[in-house]
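K.L.:
Before we start, here is the structure in question, set down as structure tokens.
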Amino acid sequence: MALFPEEKEITSAVGKAIQLTTHRIQGWYGAKGSEYYVSIMLEKVTSVQLREISSPGLLVVGFVVLLGGLLLIPATGEPAMGLVGLLGVIFIVLYFTSKYHRVSINGYGGVRIHFMWKGKNKADIMRFLDQVEYAKLNRMERLTKAYENMG
């Protein structure tokens, strides 16, 4: 990424796919065989959003199958019901491993940078979003001072 004069990189996220500088936030991301690049000047950022996405149905099915398998072992005398219980555990593990976070950074005019962030805890993602908002605040203060010095 080529920086503007006096622009400095603050941080990056999701590898280097999302980059935050003192002037803008940029994102490279792909979906269904396409690749997109979006750049939003910080003074044009309108909102940030974090959404945690999970499949609670996996958890419900997992517990039902697990309990069913464990309760049927003594009733049927079939040790194979233990495999049913194991299937329930697999559904429960799938629930926890399939959770992810969707982050959106929105700008004026409907443009947005959105990406999935797996493997990070919510506190780390919130720290990144706080950095975006703080960088915007600093950018707006610098632009206001520059405007006041002009007149």
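Each chain in the structure tokens gets a letter, A, B and so on, in the order shown; residues start at 1 in every chain, and ligands are counted from 1 in the order they appear.
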Please report, as a tab-separated table, each residue of region 55-144 of chain A lying at most 10 Å from region 2-16 of chain A, together with the nearest pair of atoms and the separation in Å rounded to one decimal; use only C-alpha atoms, and order rows by chain and ascending residue number.
P.N.:
```
residue	atom	partner	partner_atom	distance
A:Phe115	CA	A:Val14	CA	8.7
A:Met116	CA	A:Val14	CA	8.6
A:Trp117	CA	A:Val14	CA	6.8
A:Lys118	CA	A:Val14	CA	8.8
A:Gly119	CA	A:Val14	CA	9.9
A:Lys120	CA	A:Val14	CA	9.5
A:Ile125	CA	A:Ala13	CA	9.1
A:Phe128	CA	A:Ala13	CA	7.9
A:Gln131	CA	A:Ile10	CA	8.3
A:Val132	CA	A:Ile10	CA	9.2
A:Ala135	CA	A:Ile10	CA	8.4
```
K.L.:
Report the residues of region 8-140 of chain A whose backbone DSSP state falls under strand (DSSP E or B), written as a PDB file with N, CA, C and O atoms, in the first residue's frame.
P.N.:
```
ATOM      1  N   GLU A   9       0.857   4.039   8.916  1.00  0.00           N
ATOM      2  CA  GLU A   9       0.071   2.843   9.184  1.00  0.00           C
ATOM      3  C   GLU A   9      -0.110   2.704  10.691  1.00  0.00           C
ATOM      4  O   GLU A   9       0.838   2.839  11.461  1.00  0.00           O
ATOM      5  N   ILE A  10      -1.337   2.424  11.112  1.00  0.00           N
ATOM      6  CA  ILE A  10      -1.642   2.230  12.530  1.00  0.00           C
ATOM      7  C   ILE A  10      -1.628   0.750  12.873  1.00  0.00           C
ATOM      8  O   ILE A  10      -0.950   0.319  13.796  1.00  0.00           O
ATOM      9  N   THR A  11      -2.376  -0.042  12.115  1.00  0.00           N
ATOM     10  CA  THR A  11      -2.452  -1.474  12.374  1.00  0.00           C
ATOM     11  C   THR A  11      -3.033  -2.176  11.154  1.00  0.00           C
ATOM     12  O   THR A  11      -3.493  -1.539  10.212  1.00  0.00           O
ATOM     13  N   SER A  12      -3.014  -3.499  11.213  1.00  0.00           N
ATOM     14  CA  SER A  12      -3.661  -4.295  10.171  1.00  0.00           C
ATOM     15  C   SER A  12      -4.410  -5.433  10.851  1.00  0.00           C
ATOM     16  O   SER A  12      -4.185  -5.737  12.014  1.00  0.00           O
ATOM     17  N   ALA A  13      -5.296  -6.041  10.100  1.00  0.00           N
ATOM     18  CA  ALA A  13      -6.106  -7.128  10.639  1.00  0.00           C
ATOM     19  C   ALA A  13      -6.308  -8.184   9.566  1.00  0.00           C
ATOM     20  O   ALA A  13      -6.145  -7.907   8.375  1.00  0.00           O
ATOM     21  N   ILE A  18      -6.827  -6.145   5.854  1.00  0.00           N
ATOM     22  CA  ILE A  18      -7.447  -4.898   6.304  1.00  0.00           C
ATOM     23  C   ILE A  18      -6.341  -4.034   6.898  1.00  0.00           C
ATOM     24  O   ILE A  18      -5.636  -4.470   7.799  1.00  0.00           O
ATOM     25  N   GLN A  19      -6.194  -2.828   6.371  1.00  0.00           N
ATOM     26  CA  GLN A  19      -5.152  -1.940   6.867  1.00  0.00           C
ATOM     27  C   GLN A  19      -5.746  -0.608   7.292  1.00  0.00           C
ATOM     28  O   GLN A  19      -6.520   0.000   6.554  1.00  0.00           O
ATOM     29  N   LEU A  20      -5.361  -0.186   8.495  1.00  0.00           N
ATOM     30  CA  LEU A  20      -5.814   1.084   9.052  1.00  0.00           C
ATOM     31  C   LEU A  20      -4.629   2.034   9.110  1.00  0.00           C
ATOM     32  O   LEU A  20      -3.564   1.683   9.622  1.00  0.00           O
ATOM     33  N   THR A  21      -4.824   3.223   8.557  1.00  0.00           N
ATOM     34  CA  THR A  21      -3.786   4.250   8.609  1.00  0.00           C
ATOM     35  C   THR A  21      -4.356   5.494   9.284  1.00  0.00           C
ATOM     36  O   THR A  21      -5.525   5.518   9.668  1.00  0.00           O
ATOM     37  N   ARG A  24      -7.009   6.572   6.310  1.00  0.00           N
ATOM     38  CA  ARG A  24      -8.019   5.720   5.673  1.00  0.00           C
ATOM     39  C   ARG A  24      -7.969   4.296   6.196  1.00  0.00           C
ATOM     40  O   ARG A  24      -7.040   3.915   6.899  1.00  0.00           O
ATOM     41  N   ILE A  25      -8.979   3.542   5.816  1.00  0.00           N
ATOM     42  CA  ILE A  25      -8.987   2.113   6.073  1.00  0.00           C
ATOM     43  C   ILE A  25      -9.225   1.435   4.728  1.00  0.00           C
ATOM     44  O   ILE A  25     -10.067   1.863   3.946  1.00  0.00           O
ATOM     45  N   GLN A  26      -8.427   0.399   4.469  1.00  0.00           N
ATOM     46  CA  GLN A  26      -8.502  -0.311   3.198  1.00  0.00           C
ATOM     47  C   GLN A  26      -8.743  -1.785   3.445  1.00  0.00           C
ATOM     48  O   GLN A  26      -8.241  -2.340   4.415  1.00  0.00           O
ATOM     49  N   GLY A  27      -9.488  -2.389   2.543  1.00  0.00           N
ATOM     50  CA  GLY A  27      -9.750  -3.814   2.668  1.00  0.00           C
ATOM     51  C   GLY A  27      -9.684  -4.531   1.339  1.00  0.00           C
ATOM     52  O   GLY A  27     -10.199  -4.053   0.331  1.00  0.00           O
ATOM     53  N   TRP A  28      -8.993  -5.653   1.338  1.00  0.00           N
ATOM     54  CA  TRP A  28      -8.971  -6.575   0.213  1.00  0.00           C
ATOM     55  C   TRP A  28      -9.689  -7.818   0.683  1.00  0.00           C
ATOM     56  O   TRP A  28      -9.324  -8.388   1.705  1.00  0.00           O
ATOM     57  N   TYR A  29     -10.698  -8.246  -0.038  1.00  0.00           N
ATOM     58  CA  TYR A  29     -11.354  -9.475   0.350  1.00  0.00           C
ATOM     59  C   TYR A  29     -11.972 -10.129  -0.869  1.00  0.00           C
ATOM     60  O   TYR A  29     -12.230  -9.480  -1.878  1.00  0.00           O
ATOM     61  N   GLY A  30     -12.156 -11.417  -0.774  1.00  0.00           N
ATOM     62  CA  GLY A  30     -12.707 -12.175  -1.883  1.00  0.00           C
ATOM     63  C   GLY A  30     -13.965 -12.896  -1.491  1.00  0.00           C
ATOM     64  O   GLY A  30     -14.169 -13.232  -0.333  1.00  0.00           O
ATOM     65  N   ALA A  31     -14.818 -13.120  -2.481  1.00  0.00           N
ATOM     66  CA  ALA A  31     -16.040 -13.879  -2.266  1.00  0.00           C
ATOM     67  C   ALA A  31     -16.453 -14.531  -3.579  1.00  0.00           C
ATOM     68  O   ALA A  31     -16.545 -13.859  -4.599  1.00  0.00           O
ATOM     69  N   SER A  34     -14.328 -13.890  -6.703  1.00  0.00           N
ATOM     70  CA  SER A  34     -14.050 -12.489  -7.011  1.00  0.00           C
ATOM     71  C   SER A  34     -13.208 -11.893  -5.900  1.00  0.00           C
ATOM     72  O   SER A  34     -13.230 -12.357  -4.770  1.00  0.00           O
ATOM     73  N   GLU A  35     -12.487 -10.862  -6.258  1.00  0.00           N
ATOM     74  CA  GLU A  35     -11.698 -10.159  -5.255  1.00  0.00           C
ATOM     75  C   GLU A  35     -12.091  -8.694  -5.293  1.00  0.00           C
ATOM     76  O   GLU A  35     -12.305  -8.117  -6.360  1.00  0.00           O
ATOM     77  N   TYR A  36     -12.228  -8.094  -4.105  1.00  0.00           N
ATOM     78  CA  TYR A  36     -12.671  -6.718  -3.994  1.00  0.00           C
ATOM     79  C   TYR A  36     -11.652  -5.896  -3.217  1.00  0.00           C
ATOM     80  O   TYR A  36     -11.029  -6.384  -2.294  1.00  0.00           O
ATOM     81  N   TYR A  37     -11.555  -4.640  -3.595  1.00  0.00           N
ATOM     82  CA  TYR A  37     -10.735  -3.684  -2.874  1.00  0.00           C
ATOM     83  C   TYR A  37     -11.626  -2.496  -2.539  1.00  0.00           C
ATOM     84  O   TYR A  37     -12.318  -1.964  -3.403  1.00  0.00           O
ATOM     85  N   VAL A  38     -11.629  -2.096  -1.268  1.00  0.00           N
ATOM     86  CA  VAL A  38     -12.411  -0.942  -0.832  1.00  0.00           C
ATOM     87  C   VAL A  38     -11.513  -0.085   0.043  1.00  0.00           C
ATOM     88  O   VAL A  38     -10.797  -0.596   0.904  1.00  0.00           O
ATOM     89  N   SER A  39     -11.564   1.208  -0.184  1.00  0.00           N
ATOM     90  CA  SER A  39     -10.824   2.153   0.645  1.00  0.00           C
ATOM     91  C   SER A  39     -11.795   3.242   1.083  1.00  0.00           C
ATOM     92  O   SER A  39     -12.520   3.804   0.259  1.00  0.00           O
ATOM     93  N   ILE A  40     -11.816   3.510   2.377  1.00  0.00           N
ATOM     94  CA  ILE A  40     -12.693   4.551   2.919  1.00  0.00           C
ATOM     95  C   ILE A  40     -11.823   5.543   3.689  1.00  0.00           C
ATOM     96  O   ILE A  40     -11.076   5.142   4.587  1.00  0.00           O
ATOM     97  N   MET A  41     -11.930   6.809   3.327  1.00  0.00           N
ATOM     98  CA  MET A  41     -11.232   7.836   4.093  1.00  0.00           C
ATOM     99  C   MET A  41     -11.867   7.884   5.485  1.00  0.00           C
ATOM    100  O   MET A  41     -13.086   7.741   5.621  1.00  0.00           O
ATOM    101  N   VAL A  45     -16.089   7.465   7.426  1.00  0.00           N
ATOM    102  CA  VAL A  45     -16.593   6.298   8.151  1.00  0.00           C
ATOM    103  C   VAL A  45     -17.819   6.724   8.956  1.00  0.00           C
ATOM    104  O   VAL A  45     -17.773   7.704   9.696  1.00  0.00           O
ATOM    105  N   THR A  46     -18.924   5.998   8.776  1.00  0.00           N
ATOM    106  CA  THR A  46     -20.159   6.346   9.488  1.00  0.00           C
ATOM    107  C   THR A  46     -20.443   5.417  10.657  1.00  0.00           C
ATOM    108  O   THR A  46     -21.052   5.833  11.639  1.00  0.00           O
ATOM    109  N   SER A  47     -20.052   4.155  10.567  1.00  0.00           N
ATOM    110  CA  SER A  47     -20.321   3.226  11.662  1.00  0.00           C
ATOM    111  C   SER A  47     -19.448   1.988  11.535  1.00  0.00           C
ATOM    112  O   SER A  47     -18.924   1.682  10.467  1.00  0.00           O
ATOM    113  N   VAL A  48     -19.317   1.293  12.653  1.00  0.00           N
ATOM    114  CA  VAL A  48     -18.644  -0.002  12.678  1.00  0.00           C
ATOM    115  C   VAL A  48     -19.603  -0.994  13.321  1.00  0.00           C
ATOM    116  O   VAL A  48     -20.433  -0.613  14.150  1.00  0.00           O
ATOM    117  N   GLN A  49     -19.497  -2.243  12.921  1.00  0.00           N
ATOM    118  CA  GLN A  49     -20.414  -3.257  13.438  1.00  0.00           C
ATOM    119  C   GLN A  49     -19.678  -4.565  13.641  1.00  0.00           C
ATOM    120  O   GLN A  49     -18.838  -4.954  12.820  1.00  0.00           O
ATOM    121  N   LEU A  50     -20.009  -5.240  14.717  1.00  0.00           N
ATOM    122  CA  LEU A  50     -19.483  -6.574  15.003  1.00  0.00           C
ATOM    123  C   LEU A  50     -20.663  -7.488  15.249  1.00  0.00           C
ATOM    124  O   LEU A  50     -21.539  -7.175  16.060  1.00  0.00           O
ATOM    125  N   ARG A  51     -20.701  -8.593  14.537  1.00  0.00           N
ATOM    126  CA  ARG A  51     -21.771  -9.581  14.694  1.00  0.00           C
ATOM    127  C   ARG A  51     -21.152 -10.944  14.912  1.00  0.00           C
ATOM    128  O   ARG A  51     -20.276 -11.360  14.149  1.00  0.00           O
ATOM    129  N   GLU A  52     -21.582 -11.625  15.959  1.00  0.00           N
ATOM    130  CA  GLU A  52     -21.123 -12.990  16.194  1.00  0.00           C
ATOM    131  C   GLU A  52     -22.137 -13.937  15.563  1.00  0.00           C
ATOM    132  O   GLU A  52     -23.336 -13.824  15.822  1.00  0.00           O
ATOM    133  N   ILE A  53     -21.650 -14.829  14.721  1.00  0.00           N
ATOM    134  CA  ILE A  53     -22.535 -15.738  14.005  1.00  0.00           C
ATOM    135  C   ILE A  53     -22.228 -17.164  14.431  1.00  0.00           C
ATOM    136  O   ILE A  53     -21.072 -17.589  14.443  1.00  0.00           O
ATOM    137  N   TYR A 100     -18.069 -17.634  14.171  1.00  0.00           N
ATOM    138  CA  TYR A 100     -17.157 -16.625  13.639  1.00  0.00           C
ATOM    139  C   TYR A 100     -17.762 -15.246  13.849  1.00  0.00           C
ATOM    140  O   TYR A 100     -18.916 -15.107  14.243  1.00  0.00           O
ATOM    141  N   HIS A 101     -16.956 -14.229  13.571  1.00  0.00           N
ATOM    142  CA  HIS A 101     -17.390 -12.839  13.720  1.00  0.00           C
ATOM    143  C   HIS A 101     -17.428 -12.181  12.345  1.00  0.00           C
ATOM    144  O   HIS A 101     -16.517 -12.390  11.536  1.00  0.00           O
ATOM    145  N   ARG A 102     -18.460 -11.413  12.090  1.00  0.00           N
ATOM    146  CA  ARG A 102     -18.544 -10.617  10.865  1.00  0.00           C
ATOM    147  C   ARG A 102     -18.387  -9.157  11.277  1.00  0.00           C
ATOM    148  O   ARG A 102     -19.125  -8.650  12.126  1.00  0.00           O
ATOM    149  N   VAL A 103     -17.426  -8.497  10.665  1.00  0.00           N
ATOM    150  CA  VAL A 103     -17.127  -7.103  10.965  1.00  0.00           C
ATOM    151  C   VAL A 103     -17.490  -6.269   9.744  1.00  0.00           C
ATOM    152  O   VAL A 103     -17.166  -6.638   8.613  1.00  0.00           O
ATOM    153  N   SER A 104     -18.170  -5.154   9.975  1.00  0.00           N
ATOM    154  CA  SER A 104     -18.498  -4.214   8.900  1.00  0.00           C
ATOM    155  C   SER A 104     -18.053  -2.822   9.316  1.00  0.00           C
ATOM    156  O   SER A 104     -18.301  -2.392  10.439  1.00  0.00           O
ATOM    157  N   ILE A 105     -17.402  -2.149   8.387  1.00  0.00           N
ATOM    158  CA  ILE A 105     -17.022  -0.750   8.573  1.00  0.00           C
ATOM    159  C   ILE A 105     -17.695  -0.004   7.432  1.00  0.00           C
ATOM    160  O   ILE A 105     -17.399  -0.259   6.259  1.00  0.00           O
ATOM    161  N   ASN A 106     -18.634   0.858   7.769  1.00  0.00           N
ATOM    162  CA  ASN A 106     -19.483   1.505   6.773  1.00  0.00           C
ATOM    163  C   ASN A 106     -19.061   2.940   6.531  1.00  0.00           C
ATOM    164  O   ASN A 106     -18.665   3.646   7.460  1.00  0.00           O
ATOM    165  N   GLY A 107     -19.186   3.356   5.279  1.00  0.00           N
ATOM    166  CA  GLY A 107     -18.864   4.720   4.904  1.00  0.00           C
ATOM    167  C   GLY A 107     -20.055   5.396   4.252  1.00  0.00           C
ATOM    168  O   GLY A 107     -21.059   4.751   3.938  1.00  0.00           O
ATOM    169  N   ARG A 112     -18.906  -0.137   2.011  1.00  0.00           N
ATOM    170  CA  ARG A 112     -18.526  -0.744   3.282  1.00  0.00           C
ATOM    171  C   ARG A 112     -17.411  -1.757   3.076  1.00  0.00           C
ATOM    172  O   ARG A 112     -17.252  -2.325   2.003  1.00  0.00           O
ATOM    173  N   ILE A 113     -16.678  -1.932   4.130  1.00  0.00           N
ATOM    174  CA  ILE A 113     -15.681  -2.994   4.195  1.00  0.00           C
ATOM    175  C   ILE A 113     -16.253  -4.014   5.157  1.00  0.00           C
ATOM    176  O   ILE A 113     -16.596  -3.681   6.294  1.00  0.00           O
ATOM    177  N   HIS A 114     -16.428  -5.227   4.689  1.00  0.00           N
ATOM    178  CA  HIS A 114     -16.951  -6.262   5.582  1.00  0.00           C
ATOM    179  C   HIS A 114     -16.134  -7.523   5.371  1.00  0.00           C
ATOM    180  O   HIS A 114     -15.699  -7.834   4.276  1.00  0.00           O
ATOM    181  N   PHE A 115     -15.923  -8.216   6.477  1.00  0.00           N
ATOM    182  CA  PHE A 115     -15.094  -9.414   6.427  1.00  0.00           C
ATOM    183  C   PHE A 115     -15.416 -10.309   7.601  1.00  0.00           C
ATOM    184  O   PHE A 115     -15.952  -9.863   8.611  1.00  0.00           O
ATOM    185  N   MET A 116     -15.114 -11.589   7.425  1.00  0.00           N
ATOM    186  CA  MET A 116     -15.282 -12.556   8.499  1.00  0.00           C
ATOM    187  C   MET A 116     -13.966 -12.667   9.245  1.00  0.00           C
ATOM    188  O   MET A 116     -12.900 -12.636   8.631  1.00  0.00           O
ATOM    189  N   TRP A 117     -14.056 -12.804  10.552  1.00  0.00           N
ATOM    190  CA  TRP A 117     -12.859 -12.906  11.377  1.00  0.00           C
ATOM    191  C   TRP A 117     -13.014 -14.122  12.275  1.00  0.00           C
ATOM    192  O   TRP A 117     -13.744 -14.091  13.248  1.00  0.00           O
TER     193      TRP A 117
END
```
K.L.:
Of the candidates A:Lys32, A:Lys99, A:Lys44, A:His23, which one gets nearest to Leu59 (chain A) if we count only C-alpha atoms?
P.N.:
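Nearest candidate to Leu59 (chain A) out of A:Lys32, A:Lys99, A:Lys44, A:His23: A:Lys99.
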